[in-house]
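What follows is start39.tsv (TSV, C-alpha atoms and all ligand atoms).
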chain	number	residue	atom	x	y	z
A	1	MET	CA	-155.17	-8.81	6.20
A	2	LYS	CA	-155.47	-10.86	9.34
A	3	GLY	CA	-156.04	-14.48	8.38
A	4	GLN	CA	-157.23	-17.34	10.56
A	5	ILE	CA	-153.78	-18.91	10.86
A	6	THR	CA	-151.92	-15.80	11.86
A	7	ALA	CA	-154.74	-14.97	14.27
A	8	SER	CA	-154.29	-18.28	16.12
A	9	LEU	CA	-150.50	-18.04	16.12
A	10	GLY	CA	-150.77	-14.57	17.56
A	11	LEU	CA	-153.13	-15.80	20.23
A	12	PHE	CA	-150.84	-18.62	21.32
A	13	ALA	CA	-147.84	-16.32	21.33
A	14	LYS	CA	-149.76	-14.02	23.65
A	15	LEU	CA	-150.91	-16.86	25.89
A	16	ALA	CA	-147.35	-18.13	26.23
A	17	ALA	CA	-146.15	-14.71	27.36
A	18	SER	CA	-149.04	-13.95	29.70
A	19	SER	CA	-150.16	-15.32	33.04
A	20	VAL	CA	-153.72	-16.38	33.74
A	21	ILE	CA	-155.08	-14.41	36.69
A	22	TYR	CA	-158.65	-15.77	36.73
A	23	SER	CA	-160.33	-18.60	34.87
A	24	GLY	CA	-163.52	-20.62	35.00
A	25	ASN	CA	-166.35	-22.38	33.21
A	26	GLY	CA	-169.92	-21.28	33.03
A	27	TYR	CA	-172.33	-19.28	30.91
A	28	GLY	CA	-172.09	-16.40	28.50
A	29	THR	CA	-175.04	-14.01	28.24
A	30	TYR	CA	-175.54	-10.59	26.61
A	31	TYR	CA	-176.65	-7.22	27.94
A	32	TYR	CA	-175.67	-4.49	25.45
A	33	ASP	CA	-174.71	-3.88	21.84
A	34	ILE	CA	-173.08	-0.69	20.56
A	35	GLN	CA	-173.23	-1.52	16.87
A	36	HIS	CA	-176.61	-3.23	16.78
A	37	PRO	CA	-178.76	-1.97	19.68
A	38	GLN	CA	-181.78	-3.66	18.09
A	39	SER	CA	-180.83	-7.31	18.35
A	40	CYS	CA	-182.61	-10.59	18.94
A	41	GLY	CA	-185.97	-8.82	19.12
A	42	GLN	CA	-184.80	-6.53	21.93
A	43	ASP	CA	-183.88	-2.89	22.34
A	44	LEU	CA	-180.50	-2.74	24.07
A	45	SER	CA	-180.04	1.02	23.61
A	46	VAL	CA	-180.84	1.82	27.26
A	47	ALA	CA	-178.30	-0.77	28.44
A	48	ASN	CA	-175.74	0.97	26.22
A	49	THR	CA	-176.08	4.10	28.36
A	50	GLY	CA	-175.12	2.24	31.56
A	51	ASN	CA	-171.90	3.25	33.30
A	52	VAL	CA	-169.21	0.59	33.40
A	53	GLU	CA	-167.81	-0.53	36.72
A	54	CYS	CA	-164.19	-0.11	35.59
A	55	SER	CA	-164.66	3.63	35.00
A	56	GLN	CA	-164.88	4.68	38.65
A	57	PHE	CA	-164.29	8.42	38.42
A	58	LEU	CA	-165.04	9.41	34.83
A	59	ALA	CA	-168.19	7.25	34.95
A	60	LEU	CA	-168.00	6.38	31.26
A	61	ASN	CA	-170.85	4.42	29.79
A	62	LEU	CA	-170.83	1.60	27.25
A	63	ASN	CA	-171.52	3.98	24.35
A	64	GLN	CA	-168.49	6.04	25.30
A	65	ILE	CA	-166.23	2.97	25.58
A	66	ASN	CA	-167.60	2.19	22.11
A	67	SER	CA	-166.45	-1.42	21.83
A	68	ASN	CA	-168.50	-4.59	21.55
A	69	ASN	CA	-165.52	-6.52	22.95
A	70	LEU	CA	-166.05	-5.25	26.50
A	71	VAL	CA	-166.99	-8.09	28.86
A	72	ALA	CA	-168.51	-8.07	32.35
A	73	MET	CA	-167.35	-10.56	35.01
A	74	ASN	CA	-168.27	-11.67	38.55
A	75	HIS	CA	-169.24	-8.39	40.22
A	76	SER	CA	-168.11	-9.42	43.72
A	77	LEU	CA	-164.69	-10.46	42.47
A	78	ILE	CA	-164.01	-7.41	40.26
A	79	ALA	CA	-165.27	-5.03	42.95
A	80	SER	CA	-162.72	-6.50	45.37
A	81	ASN	CA	-159.83	-5.41	43.10
A	82	LEU	CA	-160.70	-3.24	40.10
A	83	ALA	CA	-157.05	-2.47	39.34
A	84	GLN	CA	-156.28	-6.16	38.97
A	85	TYR	CA	-159.07	-7.11	36.56
A	86	CYS	CA	-160.12	-3.99	34.64
A	87	GLY	CA	-158.85	-3.71	31.08
A	88	ARG	CA	-157.35	-7.22	31.10
A	89	GLN	CA	-157.61	-9.48	28.10
A	90	VAL	CA	-160.03	-12.40	28.33
A	91	VAL	CA	-159.62	-15.47	26.15
A	92	VAL	CA	-163.07	-17.00	25.73
A	93	SER	CA	-163.48	-20.60	24.56
A	94	VAL	CA	-166.53	-22.40	23.24
A	95	ASN	CA	-166.31	-26.20	23.20
A	96	GLY	CA	-162.63	-25.85	24.07
A	97	VAL	CA	-161.86	-23.70	21.02
A	98	ALA	CA	-160.38	-20.32	21.92
A	99	SER	CA	-161.78	-17.27	20.15
A	100	SER	CA	-159.24	-14.81	18.75
A	101	THR	CA	-161.53	-11.86	19.57
A	102	PRO	CA	-159.60	-9.50	21.88
A	103	PHE	CA	-162.16	-9.35	24.69
A	104	PHE	CA	-161.34	-7.20	27.71
A	105	ILE	CA	-162.85	-6.85	31.19
A	106	GLY	CA	-164.73	-3.59	31.69
A	107	ASP	CA	-167.76	-4.16	33.85
A	108	GLY	CA	-169.27	-6.16	36.69
A	109	CYS	CA	-172.03	-8.72	36.24
A	110	GLU	CA	-174.42	-9.28	39.12
A	111	ARG	CA	-175.64	-12.69	37.92
A	112	CYS	CA	-172.05	-13.89	37.38
A	113	GLY	CA	-171.21	-13.26	41.04
A	114	THR	CA	-173.96	-15.24	42.78
A	115	GLY	CA	-175.19	-18.80	42.65
A	116	SER	CA	-173.00	-21.89	42.66
A	117	SER	CA	-169.57	-21.49	41.10
A	118	THR	CA	-170.13	-24.83	39.36
A	119	GLY	CA	-173.53	-23.99	37.91
A	120	PRO	CA	-176.11	-25.16	36.89
A	121	TRP	CA	-177.61	-22.38	34.72
A	122	ASN	CA	-179.81	-20.11	36.81
A	123	PRO	CA	-180.80	-16.74	35.35
A	124	SER	CA	-180.52	-15.07	38.76
A	125	GLY	CA	-177.14	-16.55	39.68
A	126	ALA	CA	-174.63	-18.60	37.71
A	127	PRO	CA	-170.92	-18.25	36.94
A	128	GLY	CA	-169.85	-16.76	33.64
A	129	LEU	CA	-169.37	-13.57	31.67
A	130	ASP	CA	-171.73	-11.02	30.13
A	131	PHE	CA	-171.11	-9.82	26.55
A	132	SER	CA	-172.46	-7.65	23.75
A	133	PHE	CA	-175.06	-9.50	21.74
A	134	SER	CA	-172.91	-9.34	18.60
A	135	ALA	CA	-169.93	-10.87	20.38
A	136	LEU	CA	-171.97	-13.62	22.05
A	137	SER	CA	-173.69	-14.44	18.81
A	138	ALA	CA	-170.37	-14.63	16.95
A	139	LEU	CA	-169.16	-17.09	19.61
A	140	ASN	CA	-172.23	-19.29	19.21
A	141	GLY	CA	-175.10	-18.87	16.77
A	142	GLN	CA	-177.55	-20.13	19.41
A	143	ALA	CA	-177.05	-17.00	21.54
A	144	CYS	CA	-180.35	-15.46	20.47
A	145	ASN	CA	-182.45	-18.64	20.68
A	146	GLN	CA	-181.05	-19.87	24.00
A	147	GLY	CA	-180.13	-16.60	25.73
A	148	HIS	CA	-177.04	-18.21	27.27
A	149	ILE	CA	-174.22	-20.34	25.90
A	150	ASP	CA	-171.60	-22.58	27.50
A	151	ILE	CA	-168.17	-20.96	27.75
A	152	SER	CA	-164.88	-21.18	29.56
A	153	TRP	CA	-162.55	-18.24	30.08
A	154	GLN	CA	-159.06	-17.17	31.04
A	155	VAL	CA	-158.36	-13.62	32.14
A	156	LEU	CA	-154.73	-12.78	31.33
A	157	ASP	CA	-152.46	-10.19	32.91
A	158	THR	CA	-152.22	-8.48	29.48
A	159	THR	CA	-153.88	-5.04	29.45
A	160	LEU	CA	-155.95	-4.16	26.36
A	161	PHE	CA	-157.83	-1.12	27.67
A	162	ASP	CA	-156.89	1.66	30.08
A	163	PHE	CA	-159.63	2.74	32.49
A	164	ASP	CA	-159.17	5.14	35.39
A	165	SER	CA	-159.28	2.12	37.73
A	166	ASN	CA	-156.38	0.16	36.21
A	167	ALA	CA	-154.41	3.07	34.69
A	168	PRO	CA	-155.09	6.11	36.87
A	169	GLY	CA	-153.79	9.36	35.38
A	170	GLN	CA	-153.50	7.88	31.87
A	171	PRO	CA	-155.77	8.83	28.99
A	172	TRP	CA	-158.49	6.19	28.78
A	173	GLY	CA	-158.80	4.02	25.72
A	174	PRO	CA	-157.47	0.94	23.96
A	175	VAL	CA	-153.83	0.28	24.82
A	176	SER	CA	-152.44	-0.57	21.39
A	177	GLY	CA	-153.03	1.60	18.37
A	178	GLY	CA	-153.08	4.76	20.44
A	179	SER	CA	-156.51	5.93	19.36
A	180	ASN	CA	-158.25	7.48	22.32
A	181	PRO	CA	-161.99	7.40	21.81
A	182	GLY	CA	-162.21	10.19	24.37
A	183	ASN	CA	-160.78	12.76	21.97
A	184	GLY	CA	-162.51	11.70	18.84
A	185	GLY	CA	-159.32	10.08	17.60
A	186	GLY	CA	-160.75	6.77	16.68
A	187	ASP	CA	-163.64	4.39	16.63
A	188	PRO	CA	-162.52	1.19	18.33
A	189	GLY	CA	-165.99	-0.27	17.93
A	190	SER	CA	-165.81	-0.16	14.19
A	191	CYS	CA	-163.67	-3.25	13.75
A	192	THR	CA	-163.46	-6.61	15.47
A	193	TRP	CA	-159.92	-6.12	16.87
A	194	ALA	CA	-159.86	-3.09	19.18
A	195	GLY	CA	-156.73	-1.02	18.76
A	196	HIS	CA	-156.13	-2.40	15.25
A	197	CYS	CA	-158.86	-0.51	13.41
A	198	GLN	CA	-158.53	2.06	10.68
A	199	GLY	CA	-155.76	4.54	11.44
A	200	ALA	CA	-153.92	2.34	13.98
A	201	SER	CA	-150.14	1.99	13.57
A	202	CYS	CA	-148.95	-1.21	11.89
A	203	SER	CA	-145.92	-2.81	10.37
A	204	SER	CA	-147.69	-5.47	8.30
A	205	ASP	CA	-151.24	-6.42	7.26
A	206	ASP	CA	-151.30	-8.91	10.16
A	207	ASP	CA	-151.37	-5.99	12.58
A	208	CYS	CA	-154.68	-4.79	11.13
A	209	SER	CA	-158.19	-6.03	11.91
A	210	ASP	CA	-160.54	-7.70	9.46
A	211	SER	CA	-159.91	-6.74	5.84
A	212	LEU	CA	-157.80	-3.66	6.67
A	213	VAL	CA	-154.32	-3.54	5.17
A	214	CYS	CA	-151.16	-1.85	6.41
A	215	SER	CA	-150.41	1.13	4.17
A	216	SER	CA	-147.64	3.64	5.05
A	217	GLY	CA	-147.62	2.40	8.65
A	218	LYS	CA	-151.37	2.85	9.20
A	219	CYS	CA	-154.24	0.35	9.00
A	220	SER	CA	-156.30	1.42	5.99
A	221	THR	CA	-159.06	0.09	3.83
A	222	ASP	CA	-157.82	-1.90	0.85
A	223	SER	CA	-157.80	0.19	-2.33
A	224	GLY	CA	-158.91	-2.99	-4.06
A	225	SER	CA	-156.25	-2.85	-6.75
A	226	GLY	CA	-154.99	-6.23	-7.93
A	227	GLY	CA	-154.19	-9.19	-5.74
A	228	SER	CA	-156.67	-11.66	-4.33
A	229	ALA	CA	-160.31	-10.83	-3.84
A	230	PRO	CA	-161.20	-9.78	-0.28
A	231	PRO	CA	-162.83	-12.51	1.86
A	232	ALA	CA	-166.61	-12.64	1.88
A	233	THR	CA	-167.25	-10.64	5.01
A	234	CYS	CA	-169.84	-8.20	6.24
A	235	THR	CA	-169.81	-5.47	8.86
A	236	TRP	CA	-171.34	-7.66	11.61
A	237	ALA	CA	-169.21	-10.78	12.17
A	238	GLY	CA	-171.29	-13.91	12.66
A	239	HIS	CA	-174.26	-12.35	10.88
A	240	CYS	CA	-173.05	-12.53	7.29
A	241	LEU	CA	-174.43	-14.45	4.35
A	242	GLY	CA	-175.56	-17.92	5.48
A	243	ALA	CA	-175.64	-17.19	9.26
A	244	SER	CA	-178.64	-18.47	11.25
A	245	CYS	CA	-181.30	-15.89	11.98
A	246	SER	CA	-184.80	-15.55	13.31
A	247	THR	CA	-185.56	-12.03	12.04
A	248	GLU	CA	-183.97	-9.56	9.66
A	249	ASP	CA	-182.49	-7.75	12.69
A	250	ASP	CA	-180.18	-10.74	13.14
A	251	CYS	CA	-178.56	-10.19	9.72
A	252	SER	CA	-175.82	-7.71	8.83
A	253	ASP	CA	-176.13	-4.80	6.42
A	254	SER	CA	-178.82	-5.25	3.78
A	255	LEU	CA	-179.13	-9.04	4.26
A	256	VAL	CA	-182.58	-10.43	5.02
A	257	CYS	CA	-183.59	-13.53	6.97
A	258	THR	CA	-184.96	-16.19	4.63
A	259	ASN	CA	-185.73	-19.71	5.88
A	260	GLY	CA	-183.59	-19.15	8.99
A	261	LYS	CA	-180.50	-18.01	7.03
A	262	CYS	CA	-179.18	-14.53	6.27
A	263	SER	CA	-179.53	-14.10	2.51
A	264	ASN	CA	-179.29	-11.44	-0.17
B	1	LIG	C1	-167.73	-14.51	42.63
B	1	LIG	O1	-166.62	-14.06	43.36
B	1	LIG	C2	-166.80	-14.17	44.76
B	1	LIG	C3	-165.60	-13.47	45.40
B	1	LIG	O2	-164.41	-14.08	45.03
B	1	LIG	C4	-166.92	-15.63	45.11
B	1	LIG	O3	-167.11	-15.78	46.50
B	1	LIG	C5	-168.12	-16.23	44.37
B	1	LIG	O4	-168.21	-17.62	44.59
B	1	LIG	C6	-168.00	-15.98	42.88
B	1	LIG	N1	-169.26	-16.37	42.25
B	1	LIG	C7	-169.35	-17.35	41.31
B	1	LIG	C8	-170.71	-17.64	40.79
B	1	LIG	O5	-168.38	-17.96	40.90
Just give me the structure of the file as structure tokens.
Ligand SMILES: *[C@@H]1O[C@H](CO)[C@@H](O)[C@H](O)[C@H]1NC(C)=O
Amino acid sequence: MKGQITASLGLFAKLAASSVIYSGNGYGTYYYDIQHPQSCGQDLSVANTGNVECSQFLALNLNQINSNNLVAMNHSLIASNLAQYCGRQVVVSVNGVASSTPFFIGDGCERCGTGSSTGPWNPSGAPGLDFSFSALSALNGQACNQGHIDISWQVLDTTLFDFDSNAPGQPWGPVSGGSNPGNGGGDPGSCTWAGHCQGASCSSDDDCSDSLVCSSGKCSTDSGSGGSAPPATCTWAGHCLGASCSTEDDCSDSLVCTNGKCSN
């Protein structure tokens, strides 16, 4: 099981070993959602069929990439050098606190590439990144109400996802774990740590996302026998019991929105 403490240690270890190739401050917004296309009173299912800028030749769309951790950045900058930015890990911070979610660059964002590089917020041009609704909302519970949140980011030279632009000739898919969503081998969108979902190779529970455990070298669901009770989680991080909500669509699984909180 991947706990908070090991998650942060892992993040710092990665930061220490990686170089920052692009960083900034600005605004996070959302434009798609693979797991919850009906979010925040909107239908994002059409956006999910949009091709991603990093898939130049195969022209894969967001549904095919099948991960809510894909992030779009300044379109002008990424277009100038797809090989440099595509598939790279992005560490996103809110109020100076780095998220351990393994975000990766996969698309260009028009709004993020125009306007002043120091802000202020302007819906038609302001610096920042564009996310899935689930990811943005897990970063800050105000994502739905405000539509944009304050973030800072660091793009690292660590590659998390192979596209035809950054890894020509390679099978496309998440770099670690070896599951290629192109051949039906995995479902990287089904857990919060792409490449560490069910079936990925592991040596200990810390290599596995969420509540998955390492069993015979593969991340597997806990058989539930003995030991400590699993943490109170739900299938949509940030939308579990007690999370803020405005409608039932903002709550995971069978939870309902009661008095602004996801409840049973
Ligand atoms: C986006 O990148 C371009 C090219 O590097 C740069 O000129 C522009 O200022 C950037 N836009 C923002 C909003 O930072």
Mind running chain A against ligand LIG 1 (chain B) at 8 Å and telling me each contacting residue's nearest atom pair with the distance in Å (one decimal), counting all atoms listed in the file, chain and number ascending, as CSV?
residue,atom,partner,partner_atom,distance
A:Asn74,CA,B:LIG1,C1,5.0
A:His75,CA,B:LIG1,C1,6.7
A:Ser76,CA,B:LIG1,O1,4.9
A:Leu77,CA,B:LIG1,O1,4.2
A:Ile78,CA,B:LIG1,O1,7.8
A:Ser80,CA,B:LIG1,C3,7.5
A:Arg111,CA,B:LIG1,C8,7.6
A:Cys112,CA,B:LIG1,C8,5.2
A:Gly113,CA,B:LIG1,N1,3.9
A:Thr114,CA,B:LIG1,C8,4.5
A:Gly115,CA,B:LIG1,C8,5.0
A:Ser116,CA,B:LIG1,C8,5.2
A:Ser117,CA,B:LIG1,O5,3.7
A:Thr118,CA,B:LIG1,O5,7.3
A:Gly119,CA,B:LIG1,C8,7.5
A:Gly125,CA,B:LIG1,C8,6.6
A:Ala126,CA,B:LIG1,C8,5.1
A:Pro127,CA,B:LIG1,C8,3.9
A:Gly128,CA,B:LIG1,C8,7.3
A:Ser137, A:Asn68, A:Ser176, A:Asn95 ranked by distance to Cys208 of chain A, top pick (using all atoms listed in the file):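 Under the stated criterion, the closest residue is A:Ser176.
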Counting all atoms listed in the file, the option among A:Ile151, A:Phe57, A:Pro174, A:Ser39 closest to Asn69 of chain A: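 The answer is A:Pro174, which sits nearest to Asn69 of chain A.
Minimum distance to Val92 of chain A across A:Leu60, A:Val20, A:Val155, A:Ala79 (counting only C-alpha atoms) occurs at A:Val155.
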Residue nearest Leu139 of chain A - candidates A:Gly87, A:Pro120, A:Gly108, A:Gly96, atoms counted: only C-alpha atoms: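 Closest candidate: A:Gly96.
With all atoms listed in the file as the atoms that count, the residue of A:Gly169, A:Val213, A:Ser99, A:Asp150 with the shortest distance to Gly199 of chain A is A:Val213.
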One-decimal distance in Å that lies between atom CA of Gly147 of chain A and atom CA of Ser67 of chain A: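 Atom-to-atom, atom CA of Ser67 of chain A and atom CA of Gly147 of chain A are spaced 20.8 Å apart.
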Interatomic distance, atom CA of Pro168 of chain A to atom CA of Ala72 of chain A (Å, one decimal): 20.0 Å
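Interatomic distance, atom CA of Trp121 of chain A against atom CA of Ile34 of chain A: 26.3 Å.
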Residue nearest Val175 of chain A - candidates A:Gly141, A:Leu136, A:Gln89, A:Gln42, atoms counted: all atoms listed in the file: A:Gln89
Sphere at (-152.5, -5.7, 6.3), radius 6 Å, counting all atoms listed in the file: residues as a PyMOL selection string: chain A and resi 1+204-206+208+212-214
Spatial neighbours of Ala83 of chain A, max dist 7 Å, only C-alpha atoms, sep filter under 2 positions, as a PyMOL selection string: chain A and resi 81+85-86+165-166
Segment 243-252 of chain A surroundings by all atoms listed in the file, 7 Å radius, close-in-sequence under 5 positions cut, as a ChimeraX atom specification: /A:38-40,141,234-236,238,257,260-262
